[in-house]
file model-v8.pdb (PDB, C-alpha atoms)
MODEL        1
ATOM      1  CA  MET T 116     115.336 108.771  94.395
ATOM      2  CA  PRO T 117     117.079 110.997  96.964
ATOM      3  CA  GLU T 118     118.522 109.367 100.049
ATOM      4  CA  GLN T 119     116.315 109.715 103.115
ATOM      5  CA  PRO T 120     117.720 111.239 106.292
ATOM      6  CA  PRO T 121     118.226 108.742 109.119
ATOM      7  CA  ILE T 122     115.450 108.358 111.683
ATOM      8  CA  ALA T 123     117.119 110.403 114.370
ATOM      9  CA  CYS T 124     116.567 113.429 116.554
ATOM     10  CA  THR T 125     119.246 116.056 117.049
ATOM     11  CA  LEU T 126     118.096 117.111 120.533
ATOM     12  CA  SER T 127     120.185 116.515 123.638
ATOM     13  CA  VAL T 128     118.854 114.099 126.262
ATOM     14  CA  THR T 129     117.562 116.988 128.382
ATOM     15  CA  GLU T 130     115.978 118.741 125.400
ATOM     16  CA  LEU T 131     114.350 115.488 124.314
ATOM     17  CA  LYS T 132     112.829 114.949 127.772
ATOM     18  CA  ASP T 133     111.460 118.504 127.748
ATOM     19  CA  ARG T 134     110.015 118.037 124.251
ATOM     20  CA  GLU T 135     108.434 114.689 125.151
ATOM     21  CA  SER T 136     106.875 116.340 128.197
ATOM     22  CA  ALA T 137     105.400 119.116 126.049
ATOM     23  CA  TRP T 138     103.939 116.578 123.591
ATOM     24  CA  ARG T 139     102.568 114.429 126.411
ATOM     25  CA  LYS T 140     100.885 117.445 128.029
ATOM     26  CA  LEU T 141      99.300 118.506 124.736
ATOM     27  CA  MET T 142      98.157 115.026 123.752
ATOM     28  CA  GLN T 143      96.762 114.244 127.225
ATOM     29  CA  SER T 144      94.753 117.463 127.188
ATOM     30  CA  GLY T 145      92.273 115.736 124.877
ATOM     31  CA  LEU T 146      92.408 118.726 122.540
ATOM     32  CA  VAL T 147      94.185 116.934 119.697
ATOM     33  CA  GLN T 148      92.642 114.091 117.701
ATOM     34  CA  ARG T 149      94.898 111.535 116.028
ATOM     35  CA  GLU T 150      94.286 109.628 112.833
ATOM     36  CA  LEU T 151      96.631 107.158 111.175
ATOM     37  CA  VAL T 152      97.166 107.961 107.496
ATOM     38  CA  PRO T 153      99.303 106.292 104.826
ATOM     39  CA  GLY T 154     102.893 107.084 105.768
ATOM     40  CA  GLY T 155     102.209 108.462 109.233
ATOM     41  CA  ILE T 156      99.685 110.324 111.343
ATOM     42  CA  ARG T 157      97.392 113.343 111.142
ATOM     43  CA  LEU T 158      96.823 115.580 114.170
ATOM     44  CA  ARG T 159      93.673 117.722 114.364
ATOM     45  CA  PRO T 160      93.699 120.326 117.142
ATOM     46  CA  ALA T 161      90.669 121.826 118.823
ATOM     47  CA  PRO T 162      90.671 125.633 118.496
ATOM     48  CA  GLY T 163      92.245 126.008 121.948
ATOM     49  CA  ALA T 164      95.167 123.757 121.029
ATOM     50  CA  ALA T 165      96.058 125.001 117.545
ATOM     51  CA  ALA T 166      98.760 127.433 118.692
ATOM     52  CA  ALA T 167     100.440 124.854 120.943
ATOM     53  CA  LEU T 168     100.426 122.241 118.171
ATOM     54  CA  THR T 169     101.822 124.701 115.632
ATOM     55  CA  GLU T 170     104.593 125.699 118.047
ATOM     56  CA  LEU T 171     105.605 122.073 118.674
ATOM     57  CA  ILE T 172     105.572 121.304 114.941
ATOM     58  CA  GLU T 173     107.896 124.241 114.243
ATOM     59  CA  LEU T 174     110.289 122.941 116.904
ATOM     60  CA  GLU T 175     110.135 119.412 115.465
ATOM     61  CA  ARG T 176     111.012 120.676 111.982
ATOM     62  CA  GLU T 177     114.364 121.800 113.409
ATOM     63  CA  CYS T 178     115.410 118.474 114.927
ATOM     64  CA  CYS T 179     113.704 115.712 112.927
ATOM     65  CA  ALA T 180     114.679 116.020 109.266
ATOM     66  CA  TRP T 181     113.265 112.548 108.543
ATOM     67  CA  ILE T 182     109.668 113.725 109.068
ATOM     68  CA  HIS T 183     107.672 115.516 106.364
ATOM     69  CA  PHE T 184     105.294 118.060 107.921
ATOM     70  CA  GLU T 185     102.235 119.354 106.092
ATOM     71  CA  VAL T 186     100.074 121.981 107.791
ATOM     72  CA  GLY T 187      96.557 122.226 106.433
ATOM     73  CA  ALA T 188      93.291 123.998 107.124
ATOM     74  CA  GLY T 189      92.421 124.516 110.767
ATOM     75  CA  SER T 190      96.054 123.910 111.793
ATOM     76  CA  THR T 191      95.651 120.204 110.970
ATOM     77  CA  VAL T 192      99.116 118.689 110.680
ATOM     78  CA  THR T 193     100.046 115.566 108.761
ATOM     79  CA  LEU T 194     103.377 113.975 109.686
ATOM     80  CA  THR T 195     104.690 111.385 107.257
ATOM     81  CA  ALA T 196     107.913 109.493 106.716
ATOM     82  CA  GLN T 197     109.203 106.828 104.405
ATOM     83  CA  GLY T 198     110.188 103.276 105.255
ATOM     84  CA  ASP T 199     110.466 102.515 108.960
ATOM     85  CA  GLY T 200     109.622 106.132 109.742
ATOM     86  CA  GLU T 201     105.912 105.447 109.297
ATOM     87  CA  ALA T 202     105.889 102.964 112.198
ATOM     88  CA  VAL T 203     108.056 105.253 114.315
ATOM     89  CA  LEU T 204     105.571 108.125 113.850
ATOM     90  CA  ALA T 205     102.616 105.919 114.754
ATOM     91  CA  GLY T 206     104.478 104.727 117.859
ATOM     92  CA  MET T 207     105.348 108.259 118.937
ATOM     93  CA  PHE T 208     101.677 109.047 119.441
ATOM     94  CA  ALA T 209     100.222 105.629 120.303
ATOM     95  CA  GLY T 210     101.022 105.748 124.019
ATOM     96  CA  THR T 211      99.049 108.896 124.800
ATOM     97  CA  PRO T 212      95.280 109.145 125.066
TER      98      PRO T 212
ENDMDL
END
call {"tool": "encode", "arguments": {"input": "model-v8.pdb", "output": "structure tokens"}}
result
Amino acid sequence: MPEQPPIACTLSVTELKDRESAWRKLMQSGLVQRELVPGGIRLRPAPGAAAALTELIELERECCAWIHFEVGAGSTVTLTAQGDGEAVLAGMFAGTP
């Protein structure tokens, strides 16, 4: 079994704050539904939020190698991780409505 990347983000402190702000804005818009799935979380955007979600996912792919991203029909995105990563993913989205 290949070694898993560490649960870490490669963004600077400023970049991380900007990214968190972008996620918070999107998630608080009410246009993205969340669903816990085995290994992580699934995000389902309303049609008006699909482009914003896709853009954020592409940015996350660059800095969070520990997350597996799967984009499905309707721009639905499933984010999964192994081990402790599952809880980290759930926690990343638990604090927003």
call {"tool": "closest_atom_pairs", "arguments": {"input": "model-v8.pdb", "of": "range 121-140 of chain T", "to": "range 146-169 of chain T", "cutoff": "12 Å", "atoms": "all atoms listed in the file", "output": "Markdown table"}}
result
| residue | atom | partner | partner_atom | distance |
| --- | --- | --- | --- | --- |
| T:Ala137 | CA | T:Ala167 | CA | 9.1 |
| T:Trp138 | CA | T:Leu168 | CA | 8.6 |
| T:Arg139 | CA | T:Val147 | CA | 11.0 |
| T:Lys140 | CA | T:Leu146 | CA | 10.2 |
call {"tool": "resolve_selection", "arguments": {"input": "model-v8.pdb", "expression": "the PyMOL selection byres ((chain T and resi 184) around 6)", "output": "VMD selection string"}}
result
chain T and resid 183 185 193 to 194
call {"tool": "resolve_selection", "arguments": {"input": "model-v8.pdb", "expression": "the PyMOL selection byres ((chain T and resi 120) around 9)", "output": "ChimeraX atom specification"}}
result
/T:118-119,121-123,179-182
call {"tool": "atom_distance", "arguments": {"input": "model-v8.pdb", "atom1": "CA of Leu141 in chain T", "atom2": "CA of Met207 in chain T"}}
result
13.2 Å
call {"tool": "atom_distance", "arguments": {"input": "model-v8.pdb", "atom1": "CA of Gly145 in chain T", "atom2": "CA of Glu130 in chain T"}}
result
23.9 Å
call {"tool": "atom_distance", "arguments": {"input": "model-v8.pdb", "atom1": "CA of Val128 in chain T", "atom2": "CA of Glu175 in chain T"}}
result
14.9 Å
call {"tool": "closest_residue", "arguments": {"input": "model-v8.pdb", "among": "T:Cys178, T:Ala188, T:Leu171, T:Ala205", "to": "Ser136 in chain T", "atoms": "only C-alpha atoms"}}
result
T:Leu171
call {"tool": "axis_aligned_box", "arguments": {"input": "model-v8.pdb", "around": "range 174-189 of chain T", "padding_each_side": "6 Å", "output": "lines of an AutoDock Vina configuration file"}}
result
center_x = 103.9
center_y = 118.5
center_z = 111.5
size_x = 35.0
size_y = 24.0
size_z = 22.8
call {"tool": "decode", "arguments": {"input": "model-v8.pdb", "residues": "range 119-204 of chain T", "atoms": "C-alpha atoms", "output": "compact mmCIF listing (two decimals), in the first residue's frame"}}
result
# COMPACT_ATOMS: atom_id res chain seq x y z
CA GLN T 119 -0.26 8.55 2.16
CA PRO T 120 0.76 12.20 1.98
CA PRO T 121 0.65 14.02 5.32
CA ILE T 122 -2.50 15.95 6.20
CA ALA T 123 -1.10 19.35 5.39
CA CYS T 124 -1.74 22.38 3.23
CA THR T 125 1.03 24.06 1.27
CA LEU T 126 -0.55 27.54 1.31
CA SER T 127 1.01 30.46 3.17
CA VAL T 128 -0.88 31.90 6.14
CA THR T 129 -2.25 34.74 3.99
CA GLU T 130 -3.23 32.39 1.16
CA LEU T 131 -4.93 30.06 3.63
CA LYS T 132 -6.98 32.92 5.11
CA ASP T 133 -8.06 33.98 1.61
CA ARG T 134 -9.00 30.40 0.70
CA GLU T 135 -10.94 29.89 3.93
CA SER T 136 -12.81 33.12 3.22
CA ALA T 137 -13.73 31.92 -0.28
CA TRP T 138 -15.00 28.58 1.09
CA ARG T 139 -16.94 30.30 3.87
CA LYS T 140 -18.61 32.67 1.39
CA LEU T 141 -19.60 29.79 -0.90
CA MET T 142 -20.84 27.53 1.88
CA GLN T 143 -22.79 30.33 3.60
CA SER T 144 -24.52 31.19 0.34
CA GLY T 145 -26.76 28.16 0.87
CA LEU T 146 -26.04 27.04 -2.69
CA VAL T 147 -24.01 23.98 -1.75
CA GLN T 148 -25.45 20.95 0.05
CA ARG T 149 -23.17 18.76 2.15
CA GLU T 150 -23.44 15.05 2.79
CA LEU T 151 -21.07 12.92 4.83
CA VAL T 152 -19.93 9.84 2.91
CA PRO T 153 -17.55 7.01 3.84
CA GLY T 154 -14.09 8.57 3.86
CA GLY T 155 -15.18 12.20 3.65
CA ILE T 156 -17.84 14.52 2.30
CA ARG T 157 -19.84 15.13 -0.87
CA LEU T 158 -20.68 18.66 -2.01
CA ARG T 159 -23.65 19.23 -4.34
CA PRO T 160 -23.84 22.73 -5.83
CA ALA T 161 -26.97 24.47 -7.04
CA PRO T 162 -26.63 25.49 -10.71
CA GLY T 163 -25.56 29.01 -9.71
CA ALA T 164 -22.71 27.71 -7.55
CA ALA T 165 -21.22 25.00 -9.77
CA ALA T 166 -18.54 27.22 -11.33
CA ALA T 167 -17.42 28.61 -7.96
CA LEU T 168 -17.22 25.12 -6.45
CA THR T 169 -15.28 23.77 -9.43
CA GLU T 170 -12.83 26.68 -9.21
CA LEU T 171 -12.20 26.12 -5.49
CA ILE T 172 -11.74 22.37 -6.02
CA GLU T 173 -9.12 23.01 -8.71
CA LEU T 174 -7.25 25.31 -6.31
CA GLU T 175 -7.46 22.72 -3.52
CA ARG T 176 -5.98 20.02 -5.76
CA GLU T 177 -2.80 22.12 -5.92
CA CYS T 178 -2.25 22.49 -2.17
CA CYS T 179 -3.85 19.47 -0.47
CA ALA T 180 -2.31 16.29 -1.87
CA TRP T 181 -3.87 14.24 0.96
CA ILE T 182 -7.40 14.73 -0.41
CA HIS T 183 -8.83 12.61 -3.23
CA PHE T 184 -11.21 14.68 -5.38
CA GLU T 185 -13.85 13.08 -7.58
CA VAL T 186 -16.04 15.33 -9.73
CA GLY T 187 -19.28 13.75 -10.85
CA ALA T 188 -22.47 14.64 -12.67
CA GLY T 189 -23.83 18.11 -12.04
CA SER T 190 -20.45 19.27 -10.68
CA THR T 191 -21.01 17.17 -7.55
CA VAL T 192 -17.66 16.76 -5.80
CA THR T 193 -16.70 13.99 -3.42
CA LEU T 194 -13.68 14.68 -1.21
CA THR T 195 -12.22 11.66 0.56
CA ALA T 196 -9.10 10.87 2.54
CA GLN T 197 -7.69 7.94 4.41
CA GLY T 198 -7.12 7.60 8.14
CA ASP T 199 -7.45 10.81 10.13
CA GLY T 200 -8.13 12.70 6.91
CA GLU T 201 -11.77 11.63 6.94
CA ALA T 202 -12.42 13.46 10.23
CA VAL T 203 -10.42 16.47 9.07
CA LEU T 204 -12.58 16.76 5.92
